[in-house]
Amino acid sequence: MADKTTKLQSENTKSNFGKGWMIIFYSMIMFWFLIGFSIDGQNIVIDVFAGANWERLGFADQNALHAKLLELAMWAGFIGVIAYFVIGRICTKIGGRMLSSICLVLAGASYIFYGNADSIASYFIGLTLVTVFINGAAYIGGGNLVTQWFPKKKGLANGYTTMGHNLGSALYVPLIAALIGAMGMAKGMTMTGIAAIVIGIGAYFIIRNTPQELNIYPDNVSKDVYEKEYVDLSEAKSRWTVASLLKTKEMWLVALIVGINQLVTTGVMSQMVPRNMEFGFSQAKAVSLMTVCALVGLAGSFGFGFIDQKLGVKTAIKGYLVWYAAALGINVVMNNAIGGYICVAMVGIAIGAAANFMTSLPASVFGRHNFDLVYSIYFPIMEIVLMLNYIVNSKALEWTGSLRGAYVVFIALLVINFVLISVLNTRKYNLDYQKEEEVLEQGA
């Protein structure tokens with residue numbers, strides 16, 4: 001941190017993003033679709049598909065097909081791991097702008113196919129394609145855009161972009177429930193699929209890979225500040241290779257830490273409606289609680305983003321882990337409607353923070369230089385860890401008939417993550433932060 005006489009850009013907590021707001025709003029929209037298409041929207045889609053098809057497809061009851069579909073979601077994610085490596089490598093060639101645009105269009109088309117699924121095979125293919133392309137758009141393409149535009153104000157910027165997660169939980173779930181209820185699964189999902197396609201096409205003509213393409217500088221700083229506190233991209237273009245990244249322990253630590261965070265968050269949110277229904281809530285009430293949870297999360301997104309910007313990503317993640325473990329602990333110990341209400345409010349804050357760290361932590365450790373290559377390796381590894389949430393949930397349902405056991409596993413993982421983040425150097429390879437150290441030494 002700077003002394004009292006030196007104010008660095010990395011300590012700037014003002015939301016003066018200038019033209020960078022277009023990147024923030026674009027990322028918010030992609031996150032909205034990500035949550036709706038591949039995570040929280042599953043609360044509705046899985047139930048509708050299972051309820052309509054369990055008997056025809058030869059399952060003992062609706063729960064049996066529900067558990068099977070959760071397991072398929074895990075395998076869809078594992079298949080995506082290979083795809084994310086390929087997509088990440090493509091991103092290094094064409095940039096985040098084109099990649100996010102193409103992937104968003106393909107995600108919309110895949111969602112339409114997914115909505116028309118009438119067999120286990122077509123359901124699995126549709127879900128796999130949707131998962132791959134929407135993650136490619138929001139995280140690989142969008143993550144690269146955010147890191148290039150906000151290398152030092154990433155904490156604050158992600159505090160805004162990840163509000164798209166919360167708005168997806170709050171608005172997409174009731175929206176898709178209403179559309180499917182009124183029009184059926186195929187037509188209802190086609191509506192939002194078309195919306196994604198239109199936005200993806202429009203983004204290609206509006207978005208730019210770096211602020212320099214618009215003759216401005218990252219974090220909306222002046223030329224003088226940029227030259228003083230930043231290392232230009234041209235000065236460090238080829239410092240990593242795939243092999244060197246795979247040999248770097250920080251790469252594995254970052255992927256594991258973020259992967260566990262996302263495993264827990266996806267596991268909780270993708271089955272929050274069924275878990276709340278275990279307390280005796282109707283589906284309508286459970287969906288409304290999820291909406292409340294997501295709206296509360298708006299404060300969590302900004303709040304933890306601000307902490308990240310002000311105190312650093314390590315402090316922000318530690319606070320998030322303690323808070324989340326406490327929320328799930330209340331759910332497990334009380335195991336009733338009152339505990340459900342308390343947990344919903346607390347989880348809302350936590351989920352608002354979780355997505356912030358998807359980009360913020362690797363960007364903090366490795367910086368924006370060669371970040372497209374770093375992300376192409378980090379993201380698939382992280383995704384392997386994330387996708388294990390589906391097996392945790394499905395086995396909890398299979399073995400106990402309840403999701404309560406899954407929450408116990410999630411708490412244990414959060415405790416492990418606290419230890420991991422405590423030993424990680426969160427600025428080790430970041431050239432812009434190293435430049436700041438030089439500025440401080442010169443001013444000492």
# chains A, B, ... in the order shown; residues from 1 in each chain; ligands from 1
$ residues_around --residues "A:Ile23" --least-positions-apart "3" --cutoff "12 Å" --atoms "only C-alpha atoms" --output "ChimeraX atom specification"
/A:17-20,26-30,96-97,100,138,141-150,154,157-158,160-161,203,206-211,218-219
$ closest_atom_pairs --of "stretch 72-169 of chain A" --to "stretch 313-318 of chain A" --cutoff "12 Å" --atoms "only C-alpha atoms" --output "tab-separated table"
residue	atom	partner	partner_atom	distance
A:Lys152	CA	A:Val313	CA	11.4
A:Lys153	CA	A:Val313	CA	11.4
A:Lys154	CA	A:Val313	CA	9.9
A:Gly155	CA	A:Val313	CA	7.5
A:Leu156	CA	A:Val313	CA	10.8
A:Asn158	CA	A:Val313	CA	11.5
A:Gly159	CA	A:Ala316	CA	11.5
$ residues_around --residues "A:Gly352" --least-positions-apart "4" --cutoff "10 Å" --atoms "only C-alpha atoms" --output "list in words"
Gly159, Tyr160, Thr162, Met163, Gly164, His165, Asn166, Leu167, Thr265, Cys293, Ala294, Leu295, Val296, Gly297, Leu298, Ala299, Gly300, Ser301, Phe302, Gly303, Phe304, Gly305, Tyr320, Val347, Gly348 and Asn356 of chain A
$ closest_residue --among "A:Val408, A:Ile381, A:Ile120, A:Val365" --to "A:Ile330" --atoms "only C-alpha atoms"
A:Val408
$ residues_around --residues "A:Leu420" --least-positions-apart "6" --cutoff "12 Å" --atoms "only C-alpha atoms" --output "list of chain:residue names"
A:Lys249, A:Glu250, A:Trp252, A:Leu253, A:Val254, A:Ala255, A:Leu256, A:Ile257, A:Val258, A:Gly259, A:Ile260, A:Asn261, A:Lys314, A:Ile317, A:Lys318, A:Leu321, A:Leu413, A:Leu414, A:Thr426
$ closest_atom_pairs --of "stretch 316-389 of chain A" --to "stretch 52-72 of chain A" --cutoff "10 Å" --atoms "only C-alpha atoms" --output "CSV"
residue,atom,partner,partner_atom,distance
A:Met387,CA,A:Glu71,CA,9.7
A:Leu388,CA,A:Glu71,CA,9.5
A:Asn389,CA,A:Leu70,CA,9.4
$ write_last_selection --atoms "N, CA and C atoms" --output "mmCIF file, in the first residue's frame"
data_model
loop_
_atom_site.group_PDB
_atom_site.id
_atom_site.type_symbol
_atom_site.label_atom_id
_atom_site.label_comp_id
_atom_site.auth_asym_id
_atom_site.auth_seq_id
_atom_site.Cartn_x
_atom_site.Cartn_y
_atom_site.Cartn_z
ATOM 1 N N MET A 387 -17.287 -28.324 -11.320
ATOM 2 C CA MET A 387 -18.299 -29.271 -11.759
ATOM 3 C C MET A 387 -18.535 -30.424 -10.789
ATOM 4 N N LEU A 388 -17.658 -30.572 -9.823
ATOM 5 C CA LEU A 388 -17.870 -31.623 -8.826
ATOM 6 C C LEU A 388 -19.087 -31.335 -7.949
ATOM 7 N N ASN A 389 -19.607 -30.096 -8.009
ATOM 8 C CA ASN A 389 -20.776 -29.771 -7.190
ATOM 9 C C ASN A 389 -21.967 -30.654 -7.550
#
$ atom_distance --atom1 "atom CA of A:Tyr226" --atom2 "atom CA of A:Lys435"
10.6 Å
$ closest_residue --among "A:Ile112, A:Val419, A:Met74, A:Val439" --to "A:Ala196" --atoms "only C-alpha atoms"
A:Ile112
$ atom_distance --atom1 "atom CA of A:Asn220" --atom2 "atom CA of A:Ser10"
12.1 Å
$ closest_residue --among "A:Ser234, A:Asn215, A:Thr291, A:Asn12" --to "A:Gly41" --atoms "only C-alpha atoms"
A:Thr291
$ select_by_dssp --residues "stretch 138-311 of chain A" --states "alpha helix (DSSP H)" --output "VMD selection string"
chain A and resid 142 to 149 154 to 161 163 to 167 173 to 183 185 to 206 223 to 229 242 to 246 249 to 269 272 to 277 283 to 311
$ write_last_selection --atoms "C-alpha atoms" --output "compact mmCIF listing (two decimals), in the first residue's frame"
# COMPACT_ATOMS: atom_id res chain seq x y z
CA GLY A 142 -15.61 -11.20 -20.79
CA GLY A 143 -12.89 -11.95 -18.25
CA ASN A 144 -10.21 -10.90 -20.70
CA LEU A 145 -12.06 -7.69 -21.54
CA VAL A 146 -12.47 -6.69 -17.89
CA THR A 147 -8.82 -7.41 -17.09
CA GLN A 148 -7.54 -5.32 -20.01
CA TRP A 149 -9.87 -2.42 -19.27
CA LYS A 154 -10.67 -4.86 -11.23
CA GLY A 155 -12.09 -5.31 -7.73
CA LEU A 156 -14.47 -2.40 -8.08
CA ALA A 157 -15.27 -3.17 -11.73
CA ASN A 158 -16.08 -6.79 -10.91
CA GLY A 159 -18.25 -5.56 -8.07
CA TYR A 160 -20.49 -4.08 -10.75
CA THR A 161 -20.17 -6.73 -13.50
CA MET A 163 -24.34 -7.84 -10.30
CA GLY A 164 -25.41 -9.59 -13.49
CA HIS A 165 -25.20 -12.85 -11.53
CA ASN A 166 -27.58 -11.56 -8.90
CA LEU A 167 -29.95 -10.04 -11.41
CA VAL A 173 -35.66 -17.68 -12.76
CA PRO A 174 -39.13 -16.14 -12.42
CA LEU A 175 -38.98 -15.02 -16.07
CA ILE A 176 -38.24 -18.49 -17.45
CA ALA A 177 -40.75 -20.02 -15.03
CA ALA A 178 -43.42 -17.64 -16.37
CA LEU A 179 -42.44 -18.18 -20.03
CA ILE A 180 -42.39 -21.97 -19.71
CA GLY A 181 -45.63 -21.91 -17.75
CA ALA A 182 -47.36 -19.84 -20.43
CA MET A 183 -45.74 -21.17 -23.61
CA MET A 185 -40.49 -25.39 -22.40
CA ALA A 186 -39.53 -25.17 -26.09
CA LYS A 187 -41.10 -21.80 -26.90
CA GLY A 188 -40.27 -20.26 -23.53
CA MET A 189 -36.57 -21.04 -23.83
CA THR A 190 -36.53 -19.97 -27.48
CA MET A 191 -37.52 -16.44 -26.44
CA THR A 192 -34.46 -15.88 -24.24
CA GLY A 193 -32.22 -17.73 -26.67
CA ILE A 194 -33.13 -15.24 -29.41
CA ALA A 195 -32.38 -12.35 -27.03
CA ALA A 196 -28.85 -13.66 -26.46
CA ILE A 197 -28.26 -13.97 -30.20
CA VAL A 198 -29.35 -10.38 -30.86
CA ILE A 199 -27.15 -8.97 -28.07
CA GLY A 200 -24.15 -11.04 -29.19
CA ILE A 201 -24.38 -9.65 -32.72
CA GLY A 202 -24.77 -6.08 -31.48
CA ALA A 203 -21.78 -6.39 -29.13
CA TYR A 204 -19.44 -7.17 -32.01
CA PHE A 205 -19.98 -3.69 -33.41
CA ILE A 206 -19.77 -1.84 -30.07
CA LYS A 223 -1.50 9.28 -20.08
CA ASP A 224 0.83 10.57 -17.37
CA VAL A 225 -0.56 8.21 -14.71
CA TYR A 226 -0.43 5.29 -17.13
CA GLU A 227 3.21 5.89 -17.99
CA LYS A 228 4.12 6.29 -14.30
CA GLU A 229 2.23 3.39 -12.69
CA VAL A 242 1.52 -23.27 -21.54
CA ALA A 243 4.31 -25.43 -20.10
CA SER A 244 5.64 -22.74 -17.78
CA LEU A 245 2.16 -21.96 -16.45
CA LEU A 246 1.47 -25.63 -15.73
CA LYS A 249 2.21 -23.55 -8.29
CA GLU A 250 0.29 -20.26 -8.14
CA MET A 251 -1.62 -21.31 -11.25
CA TRP A 252 -2.85 -24.44 -9.49
CA LEU A 253 -3.59 -22.63 -6.25
CA VAL A 254 -5.61 -19.92 -7.98
CA ALA A 255 -7.58 -22.49 -10.00
CA LEU A 256 -8.27 -24.59 -6.90
CA ILE A 257 -9.31 -21.65 -4.71
CA VAL A 258 -11.68 -20.16 -7.27
CA GLY A 259 -12.88 -23.63 -8.26
CA ILE A 260 -13.90 -24.46 -4.69
CA ASN A 261 -15.64 -21.09 -4.33
CA GLN A 262 -17.61 -21.75 -7.48
CA LEU A 263 -18.27 -25.41 -6.62
CA VAL A 264 -20.01 -24.32 -3.43
CA THR A 265 -21.86 -21.40 -5.01
CA THR A 266 -23.07 -23.38 -8.02
CA GLY A 267 -24.02 -26.30 -5.81
CA VAL A 268 -26.10 -24.09 -3.52
CA MET A 269 -27.72 -21.89 -6.15
CA MET A 272 -31.71 -23.64 -3.83
CA VAL A 273 -35.36 -24.06 -4.81
CA PRO A 274 -35.43 -27.83 -4.06
CA ARG A 275 -33.54 -27.27 -0.78
CA ASN A 276 -36.04 -24.65 0.37
CA MET A 277 -38.90 -26.92 -0.65
CA GLN A 283 -42.23 -23.98 -5.40
CA ALA A 284 -43.60 -20.46 -5.87
CA LYS A 285 -42.42 -19.45 -2.39
CA ALA A 286 -39.03 -21.12 -2.93
CA VAL A 287 -38.56 -19.25 -6.21
CA SER A 288 -39.50 -15.96 -4.54
CA LEU A 289 -36.93 -16.62 -1.79
CA MET A 290 -34.32 -17.17 -4.47
CA THR A 291 -35.25 -13.81 -5.93
CA VAL A 292 -34.82 -12.17 -2.53
CA CYS A 293 -31.47 -13.94 -2.13
CA ALA A 294 -30.27 -12.59 -5.44
CA LEU A 295 -31.40 -9.02 -4.78
CA VAL A 296 -29.60 -9.04 -1.43
CA GLY A 297 -26.57 -10.22 -3.39
CA LEU A 298 -26.37 -6.92 -5.24
CA ALA A 299 -25.02 -5.42 -2.04
CA GLY A 300 -22.59 -8.33 -1.73
CA SER A 301 -21.27 -7.82 -5.24
CA PHE A 302 -20.46 -4.18 -4.67
CA GLY A 303 -19.46 -4.58 -1.03
CA PHE A 304 -16.89 -7.31 -1.60
CA GLY A 305 -15.72 -5.59 -4.77
CA PHE A 306 -15.07 -2.46 -2.69
CA ILE A 307 -13.21 -4.51 -0.06
CA ASP A 308 -11.15 -6.09 -2.85
CA GLN A 309 -10.26 -2.64 -4.19
CA LYS A 310 -9.57 -1.10 -0.79
CA LEU A 311 -7.92 -3.92 1.16
$ atom_distance --atom1 "atom CA of A:Tyr390" --atom2 "atom CA of A:Ala73"
6.7 Å
$ closest_residue --among "A:Ile421, A:Leu34, A:Ile90, A:Ile82" --to "A:Ala137" --atoms "only C-alpha atoms"
A:Leu34
$ residues_around --residues "A:Glu436" --least-positions-apart "5" --cutoff "10 Å" --atoms "only C-alpha atoms" --output "VMD selection string"
chain A and resid 1 to 2 8 to 10 228 to 231 431 441 to 442
$ write_last_selection --atoms "C-alpha atoms" --output "JSON list (two decimals), in the first residue's frame"
[["chain", "number", "residue", "atom", "x", "y", "z"],
["A", 1, "MET", "CA", 0.00, 0.00, 0.00],
["A", 2, "ALA", "CA", 1.07, 3.57, -0.56],
["A", 8, "LEU", "CA", -1.71, 5.00, -6.34],
["A", 9, "GLN", "CA", -4.31, 4.08, -8.92],
["A", 10, "SER", "CA", -4.77, 0.65, -7.34],
["A", 228, "LYS", "CA", 4.12, 6.29, -14.30],
["A", 229, "GLU", "CA", 2.23, 3.39, -12.69],
["A", 230, "TYR", "CA", 1.68, 0.81, -15.46],
["A", 231, "VAL", "CA", 3.83, -1.50, -17.59],
["A", 431, "LEU", "CA", 3.92, -6.37, -13.47],
["A", 441, "GLU", "CA", 10.60, 3.24, -3.55],
["A", 442, "GLN", "CA", 11.44, 6.30, -5.64]]
$ residues_around --residues "A:Phe124" --least-positions-apart "2" --cutoff "9 Å" --atoms "only C-alpha atoms" --output "ChimeraX atom specification"
/A:69,72-73,75-76,114,117,119-122,126-129
